[in-house]
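Below is my_file00.txt, holding compact mmCIF, N, CA and C atoms.
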```txt
# COMPACT_ATOMS: atom_id res chain seq x y z
N MET Q 280 152.91 -89.54 192.80
CA MET Q 280 154.01 -90.45 193.04
C MET Q 280 154.26 -90.55 194.53
N LYS Q 281 154.82 -91.64 194.92
CA LYS Q 281 155.07 -91.91 196.33
C LYS Q 281 156.55 -92.16 196.58
N LYS Q 282 156.94 -91.99 197.87
CA LYS Q 282 158.30 -92.27 198.33
C LYS Q 282 159.37 -91.40 197.66
N LEU Q 283 159.00 -90.22 197.23
CA LEU Q 283 159.96 -89.32 196.58
C LEU Q 283 160.96 -88.74 197.58
N ARG Q 284 160.51 -88.56 198.81
CA ARG Q 284 161.36 -87.91 199.81
C ARG Q 284 162.65 -88.68 200.06
N GLN Q 285 162.64 -89.99 199.88
CA GLN Q 285 163.84 -90.77 200.15
C GLN Q 285 164.99 -90.41 199.21
N PHE Q 286 164.70 -89.69 198.14
CA PHE Q 286 165.74 -89.29 197.19
C PHE Q 286 166.27 -87.89 197.44
N ASN Q 287 165.64 -87.17 198.35
CA ASN Q 287 166.12 -85.84 198.72
C ASN Q 287 167.23 -85.97 199.74
N LYS Q 288 168.34 -85.36 199.49
CA LYS Q 288 169.47 -85.38 200.42
C LYS Q 288 169.66 -83.97 200.98
N PHE Q 289 169.71 -83.87 202.30
CA PHE Q 289 169.90 -82.59 202.95
C PHE Q 289 171.32 -82.54 203.50
N ASP Q 290 172.06 -81.49 203.15
CA ASP Q 290 173.45 -81.33 203.58
C ASP Q 290 173.46 -80.62 204.94
N SER Q 291 173.36 -81.40 206.02
CA SER Q 291 173.28 -80.80 207.35
C SER Q 291 174.59 -80.13 207.76
N VAL Q 292 175.72 -80.66 207.31
CA VAL Q 292 177.01 -80.05 207.64
C VAL Q 292 177.06 -78.63 207.06
N GLU Q 293 176.71 -78.49 205.81
CA GLU Q 293 176.72 -77.18 205.15
C GLU Q 293 175.68 -76.24 205.77
N PHE Q 294 174.51 -76.77 206.10
CA PHE Q 294 173.45 -75.94 206.66
C PHE Q 294 173.85 -75.36 208.02
N PHE Q 295 174.44 -76.17 208.90
CA PHE Q 295 174.75 -75.71 210.25
C PHE Q 295 176.10 -75.01 210.38
N LYS Q 296 176.94 -75.08 209.34
CA LYS Q 296 178.33 -74.60 209.48
C LYS Q 296 178.44 -73.11 209.82
N ASP Q 297 177.60 -72.26 209.32
CA ASP Q 297 177.69 -70.82 209.60
C ASP Q 297 176.58 -70.33 210.53
N LYS Q 298 176.09 -71.24 211.37
CA LYS Q 298 175.03 -70.88 212.30
C LYS Q 298 175.50 -71.06 213.74
N ASP Q 299 175.07 -70.17 214.60
CA ASP Q 299 175.31 -70.26 216.03
C ASP Q 299 174.01 -70.80 216.63
N VAL Q 300 174.04 -72.07 217.05
CA VAL Q 300 172.85 -72.72 217.59
C VAL Q 300 173.01 -72.84 219.11
N ARG Q 301 171.94 -72.54 219.83
CA ARG Q 301 171.96 -72.56 221.30
C ARG Q 301 170.89 -73.51 221.83
N VAL Q 302 171.23 -74.20 222.91
CA VAL Q 302 170.29 -75.14 223.53
C VAL Q 302 169.45 -74.39 224.56
N MET Q 303 168.15 -74.66 224.54
CA MET Q 303 167.22 -73.99 225.44
C MET Q 303 166.65 -74.94 226.50
N ALA Q 304 166.38 -76.18 226.11
CA ALA Q 304 165.76 -77.14 227.02
C ALA Q 304 165.94 -78.54 226.44
N HIS Q 305 165.48 -79.52 227.17
CA HIS Q 305 165.48 -80.89 226.66
C HIS Q 305 164.29 -81.64 227.25
N GLU Q 306 163.98 -82.76 226.61
CA GLU Q 306 162.91 -83.63 227.08
C GLU Q 306 163.23 -85.04 226.60
N PRO Q 307 162.58 -86.06 227.17
CA PRO Q 307 162.83 -87.41 226.69
C PRO Q 307 162.37 -87.57 225.24
N TRP Q 308 163.11 -88.37 224.50
CA TRP Q 308 162.73 -88.75 223.14
C TRP Q 308 162.17 -90.16 223.26
N ASN Q 309 160.88 -90.29 223.05
CA ASN Q 309 160.19 -91.55 223.27
C ASN Q 309 159.63 -92.14 221.99
N GLU Q 310 159.45 -93.45 222.03
CA GLU Q 310 158.74 -94.16 220.97
C GLU Q 310 157.32 -94.41 221.48
N TYR Q 311 156.34 -94.21 220.62
CA TYR Q 311 154.94 -94.36 221.01
C TYR Q 311 154.25 -95.43 220.17
N ASP Q 312 153.26 -96.07 220.79
CA ASP Q 312 152.38 -96.99 220.08
C ASP Q 312 150.98 -96.77 220.63
N ASP Q 313 150.05 -96.37 219.79
CA ASP Q 313 148.68 -96.05 220.20
C ASP Q 313 148.63 -95.03 221.32
N GLY Q 314 149.51 -94.02 221.24
CA GLY Q 314 149.52 -92.93 222.21
C GLY Q 314 150.21 -93.27 223.52
N GLN Q 315 150.73 -94.46 223.65
CA GLN Q 315 151.42 -94.87 224.88
C GLN Q 315 152.92 -94.96 224.62
N ILE Q 316 153.71 -94.51 225.60
CA ILE Q 316 155.16 -94.61 225.49
C ILE Q 316 155.55 -96.08 225.59
N THR Q 317 156.28 -96.57 224.60
CA THR Q 317 156.73 -97.96 224.62
C THR Q 317 158.22 -98.08 224.94
N LYS Q 318 158.97 -97.01 224.64
CA LYS Q 318 160.41 -97.07 224.87
C LYS Q 318 160.99 -95.67 224.86
N GLN Q 319 161.96 -95.41 225.75
CA GLN Q 319 162.69 -94.15 225.69
C GLN Q 319 163.90 -94.35 224.79
N LEU Q 320 163.99 -93.52 223.73
CA LEU Q 320 165.04 -93.66 222.73
C LEU Q 320 166.26 -92.81 223.04
N GLY Q 321 166.08 -91.75 223.83
CA GLY Q 321 167.19 -90.84 224.12
C GLY Q 321 166.67 -89.50 224.58
N THR Q 322 167.29 -88.44 224.07
CA THR Q 322 166.97 -87.07 224.47
C THR Q 322 166.67 -86.21 223.26
N LYS Q 323 165.67 -85.35 223.40
CA LYS Q 323 165.36 -84.36 222.37
C LYS Q 323 165.73 -83.00 222.93
N TYR Q 324 166.74 -82.36 222.31
CA TYR Q 324 167.18 -81.02 222.71
C TYR Q 324 166.41 -79.99 221.92
N LYS Q 325 165.86 -79.01 222.61
CA LYS Q 325 165.15 -77.91 221.97
C LYS Q 325 166.14 -76.76 221.84
N CYS Q 326 166.37 -76.35 220.61
CA CYS Q 326 167.42 -75.37 220.32
C CYS Q 326 166.85 -74.20 219.51
N VAL Q 327 167.64 -73.15 219.43
CA VAL Q 327 167.28 -71.99 218.63
C VAL Q 327 168.53 -71.53 217.87
N ILE Q 328 168.32 -71.08 216.64
CA ILE Q 328 169.42 -70.51 215.86
C ILE Q 328 169.59 -69.07 216.33
N ALA Q 329 170.71 -68.79 216.99
CA ALA Q 329 170.96 -67.44 217.52
C ALA Q 329 171.37 -66.49 216.41
N THR Q 330 172.31 -66.94 215.56
CA THR Q 330 172.71 -66.14 214.41
C THR Q 330 172.88 -67.05 213.21
N ASP Q 331 172.64 -66.48 212.03
CA ASP Q 331 172.75 -67.23 210.78
C ASP Q 331 173.58 -66.41 209.81
N ASN Q 332 174.83 -66.84 209.60
CA ASN Q 332 175.72 -66.15 208.68
C ASN Q 332 175.87 -66.88 207.35
N THR Q 333 174.95 -67.78 207.06
CA THR Q 333 174.98 -68.53 205.82
C THR Q 333 174.72 -67.61 204.64
N LYS Q 334 175.45 -67.83 203.57
CA LYS Q 334 175.23 -67.08 202.31
C LYS Q 334 174.26 -67.89 201.46
N TYR Q 335 173.05 -67.41 201.34
CA TYR Q 335 172.01 -68.10 200.58
C TYR Q 335 171.98 -67.60 199.14
N ASP Q 336 171.57 -68.48 198.22
CA ASP Q 336 171.40 -68.10 196.82
C ASP Q 336 170.23 -67.13 196.67
N GLY Q 337 170.28 -66.34 195.63
CA GLY Q 337 169.17 -65.44 195.31
C GLY Q 337 169.46 -64.01 195.68
N THR Q 338 168.57 -63.15 195.24
CA THR Q 338 168.69 -61.73 195.54
C THR Q 338 167.68 -61.38 196.62
N ASN Q 339 167.94 -60.29 197.29
CA ASN Q 339 167.05 -59.80 198.35
C ASN Q 339 166.83 -60.82 199.45
N VAL Q 340 167.88 -61.56 199.82
CA VAL Q 340 167.80 -62.50 200.92
C VAL Q 340 168.15 -61.75 202.19
N ALA Q 341 167.25 -61.78 203.16
CA ALA Q 341 167.45 -61.05 204.41
C ALA Q 341 168.66 -61.60 205.15
N PRO Q 342 169.46 -60.70 205.74
CA PRO Q 342 170.57 -61.18 206.56
C PRO Q 342 170.02 -61.92 207.78
N ASP Q 343 170.79 -62.87 208.28
CA ASP Q 343 170.36 -63.63 209.47
C ASP Q 343 169.02 -64.33 209.21
N LEU Q 344 168.87 -64.88 208.00
CA LEU Q 344 167.60 -65.39 207.50
C LEU Q 344 166.89 -66.35 208.46
N ASN Q 345 167.60 -67.30 209.03
CA ASN Q 345 166.96 -68.28 209.91
C ASN Q 345 167.20 -68.04 211.39
N ALA Q 346 167.72 -66.87 211.75
CA ALA Q 346 167.91 -66.55 213.16
C ALA Q 346 166.55 -66.54 213.86
N GLY Q 347 166.53 -67.12 215.03
CA GLY Q 347 165.29 -67.18 215.81
C GLY Q 347 164.47 -68.44 215.55
N GLU Q 348 164.83 -69.19 214.52
CA GLU Q 348 164.10 -70.43 214.22
C GLU Q 348 164.46 -71.51 215.24
N GLN Q 349 163.47 -72.31 215.58
CA GLN Q 349 163.68 -73.38 216.55
C GLN Q 349 164.01 -74.69 215.84
N ILE Q 350 164.85 -75.50 216.50
CA ILE Q 350 165.26 -76.80 215.98
C ILE Q 350 165.22 -77.80 217.13
N ASP Q 351 164.60 -78.94 216.91
CA ASP Q 351 164.67 -80.04 217.86
C ASP Q 351 165.66 -81.05 217.32
N VAL Q 352 166.57 -81.50 218.17
CA VAL Q 352 167.59 -82.47 217.76
C VAL Q 352 167.47 -83.69 218.66
N LYS Q 353 167.33 -84.85 218.03
CA LYS Q 353 167.18 -86.11 218.78
C LYS Q 353 168.50 -86.85 218.81
N VAL Q 354 168.91 -87.26 220.03
CA VAL Q 354 170.15 -88.03 220.19
C VAL Q 354 169.85 -89.27 221.05
N PRO Q 355 170.52 -90.38 220.75
CA PRO Q 355 170.24 -91.62 221.48
C PRO Q 355 171.02 -91.76 222.79
N HIS Q 356 171.05 -90.69 223.59
CA HIS Q 356 171.79 -90.70 224.85
C HIS Q 356 170.99 -89.96 225.92
N PRO Q 357 171.30 -90.21 227.19
CA PRO Q 357 170.66 -89.44 228.27
C PRO Q 357 171.07 -87.97 228.15
N PRO Q 358 170.31 -87.07 228.78
CA PRO Q 358 170.64 -85.64 228.70
C PRO Q 358 171.97 -85.32 229.38
N LYS Q 359 172.63 -84.32 228.83
CA LYS Q 359 173.88 -83.81 229.40
C LYS Q 359 173.57 -82.60 230.27
N ASP Q 360 174.48 -82.31 231.20
CA ASP Q 360 174.35 -81.08 231.99
C ASP Q 360 174.74 -79.89 231.12
N TYR Q 361 173.99 -78.80 231.23
CA TYR Q 361 174.30 -77.60 230.46
C TYR Q 361 173.61 -76.40 231.09
N LYS Q 362 174.11 -75.24 230.74
CA LYS Q 362 173.45 -73.99 231.10
C LYS Q 362 172.58 -73.59 229.91
N LYS Q 363 171.38 -73.12 230.21
CA LYS Q 363 170.48 -72.66 229.16
C LYS Q 363 171.18 -71.61 228.30
N PHE Q 364 171.00 -71.69 227.00
CA PHE Q 364 171.55 -70.81 225.98
C PHE Q 364 173.04 -71.07 225.72
N SER Q 365 173.52 -72.26 226.11
CA SER Q 365 174.89 -72.65 225.77
C SER Q 365 174.95 -73.02 224.29
N LYS Q 366 176.11 -72.83 223.71
CA LYS Q 366 176.32 -73.20 222.31
C LYS Q 366 176.31 -74.72 222.20
N ILE Q 367 175.63 -75.22 221.16
CA ILE Q 367 175.52 -76.66 220.95
C ILE Q 367 175.97 -77.00 219.54
N LYS Q 368 176.74 -78.07 219.43
CA LYS Q 368 177.17 -78.59 218.13
C LYS Q 368 176.63 -80.00 218.00
N PHE Q 369 176.23 -80.37 216.80
CA PHE Q 369 175.67 -81.68 216.54
C PHE Q 369 176.75 -82.58 215.95
N ILE Q 370 176.92 -83.76 216.52
CA ILE Q 370 177.94 -84.70 216.06
C ILE Q 370 177.30 -85.71 215.12
N ASP Q 371 177.82 -85.77 213.90
CA ASP Q 371 177.30 -86.67 212.86
C ASP Q 371 175.79 -86.54 212.71
N ALA Q 372 175.35 -85.33 212.46
CA ALA Q 372 173.92 -85.05 212.31
C ALA Q 372 173.43 -85.43 210.92
N SER Q 373 172.19 -85.85 210.90
CA SER Q 373 171.49 -86.05 209.62
C SER Q 373 170.16 -85.35 209.76
N ALA Q 374 169.66 -84.85 208.65
CA ALA Q 374 168.42 -84.08 208.70
C ALA Q 374 167.63 -84.33 207.43
N SER Q 375 166.33 -84.13 207.55
CA SER Q 375 165.47 -84.21 206.38
C SER Q 375 164.43 -83.11 206.45
N VAL Q 376 164.07 -82.63 205.29
CA VAL Q 376 163.08 -81.57 205.16
C VAL Q 376 161.72 -82.23 204.96
N TYR Q 377 160.70 -81.69 205.61
CA TYR Q 377 159.36 -82.26 205.47
C TYR Q 377 158.32 -81.14 205.61
N GLY Q 378 157.07 -81.51 205.51
CA GLY Q 378 155.97 -80.58 205.69
C GLY Q 378 155.33 -80.18 204.37
N THR Q 379 154.14 -79.63 204.45
CA THR Q 379 153.38 -79.23 203.27
C THR Q 379 154.18 -78.29 202.38
N PHE Q 380 154.86 -77.35 203.00
CA PHE Q 380 155.64 -76.36 202.24
C PHE Q 380 157.13 -76.69 202.26
N MET Q 381 157.47 -77.90 202.70
CA MET Q 381 158.87 -78.33 202.80
C MET Q 381 159.70 -77.29 203.57
N SER Q 382 159.14 -76.84 204.69
CA SER Q 382 159.80 -75.81 205.49
C SER Q 382 160.11 -76.28 206.91
N GLU Q 383 159.94 -77.56 207.18
CA GLU Q 383 160.24 -78.12 208.49
C GLU Q 383 161.50 -78.98 208.38
N LEU Q 384 162.26 -79.06 209.48
CA LEU Q 384 163.52 -79.80 209.47
C LEU Q 384 163.53 -80.79 210.63
N SER Q 385 163.73 -82.05 210.33
CA SER Q 385 163.86 -83.10 211.34
C SER Q 385 165.35 -83.44 211.46
N VAL Q 386 165.89 -83.34 212.68
CA VAL Q 386 167.33 -83.53 212.87
C VAL Q 386 167.58 -84.63 213.91
N LYS Q 387 168.47 -85.54 213.55
CA LYS Q 387 168.97 -86.56 214.49
C LYS Q 387 170.49 -86.46 214.46
N ALA Q 388 171.10 -86.72 215.62
CA ALA Q 388 172.56 -86.69 215.70
C ALA Q 388 173.03 -87.86 216.55
N ASP Q 389 174.26 -88.30 216.29
CA ASP Q 389 174.84 -89.38 217.10
C ASP Q 389 175.07 -88.90 218.53
N ASP Q 390 175.38 -87.61 218.67
CA ASP Q 390 175.60 -87.01 219.99
C ASP Q 390 175.63 -85.50 219.83
N VAL Q 391 175.77 -84.79 220.94
CA VAL Q 391 175.91 -83.34 220.91
C VAL Q 391 177.10 -82.94 221.75
N ASP Q 392 177.68 -81.81 221.41
CA ASP Q 392 178.75 -81.19 222.18
C ASP Q 392 178.21 -79.86 222.66
N ILE Q 393 177.98 -79.75 223.97
CA ILE Q 393 177.44 -78.51 224.54
C ILE Q 393 178.60 -77.78 225.22
N GLN Q 394 178.86 -76.57 224.74
CA GLN Q 394 180.00 -75.80 225.22
C GLN Q 394 179.57 -74.87 226.34
N SER Q 395 180.28 -74.93 227.44
CA SER Q 395 179.97 -74.03 228.53
C SER Q 395 180.51 -72.64 228.21
N LYS Q 396 179.88 -71.64 228.78
CA LYS Q 396 180.26 -70.25 228.48
C LYS Q 396 181.55 -69.87 229.12
```

Mind turning the file's structure into structure tokens?
Amino acid sequence: MKKLRQFNKFDSVEFFKDKDVRVMAHEPWNEYDDGQITKQLGTKYKCVIATDNTKYDGTNVAPDLNAGEQIDVKVPHPPKDYKKFSKIKFIDASASVYGTFMSELSVKADDVDIQSK
């Protein structure tokens, strides 16, 4: 069957609510055609989950399950000034799960709030 992924809904608010996410770097978010940049769409922030206090279903779930995992977040704005490892919050984020093992997360947000230390 095809196009099944469009029926999967990922609750990004619930997923990120008990996580401490930190920004590490950023780069341009570009649109490509035949390997050539055709348009700059915004900024891609490279982040890491510092701590994960989410309560997951199941038994024998390791504490801090997704701590250390990397997340790229795409926003349609120029980069903001920040200090590396500052706390970052995603404004109106949407996400989808993909990959062979459905273990990858694609995240887009309307904007980000980067908190200074």

Which residue is closest to Ser373 (chain Q)? Choose from Q:Arg284, Q:Gly314, Q:Ala388, Q:Asp360 and count all atoms listed in the file.
Q:Ala388

Among chain Q, which residues carry a DSSP assignment of strand (DSSP E or B), reported as a PyMOL selection string?
chain Q and resi 298-312+315-331+349-354+365-370+373-377+383-387+390-394

Hey, what does DSSP flag as helix (DSSP H, G or I) within chain Q? Can you give it to me as a list in words?
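Selecting the helix (DSSP H, G or I) positions of chain Q gives Arg284, Gln285, Phe286, Ser291, Val292, Glu293, Phe294 and Phe295 of chain Q.
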
So how many Å separate atom C of Val302 (chain Q) and atom C of Thr379 (chain Q), to one decimal?
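Atom-to-atom, atom C of Val302 (chain Q) and atom C of Thr379 (chain Q) are spaced 27.2 Å apart.
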
Skip region 320-328 of chain Q itself and residues of its chain fewer than 3 positions away, then list as a ChimeraX atom specification all residues within 12 Å of it, counting only C-alpha atoms.
/Q:294-311,316-317,331-333,343-361,363-369,385-393

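One distance worth recording is that between atom N of Ser291 (chain Q) and atom N of Ala372 (chain Q), which is 7.8 Å.
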
For CA of Gln394 (chain Q) and CA of Asp371 (chain Q), the interatomic separation in Å (one decimal)
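CA of Asp371 (chain Q) lies 16.7 Å from CA of Gln394 (chain Q).
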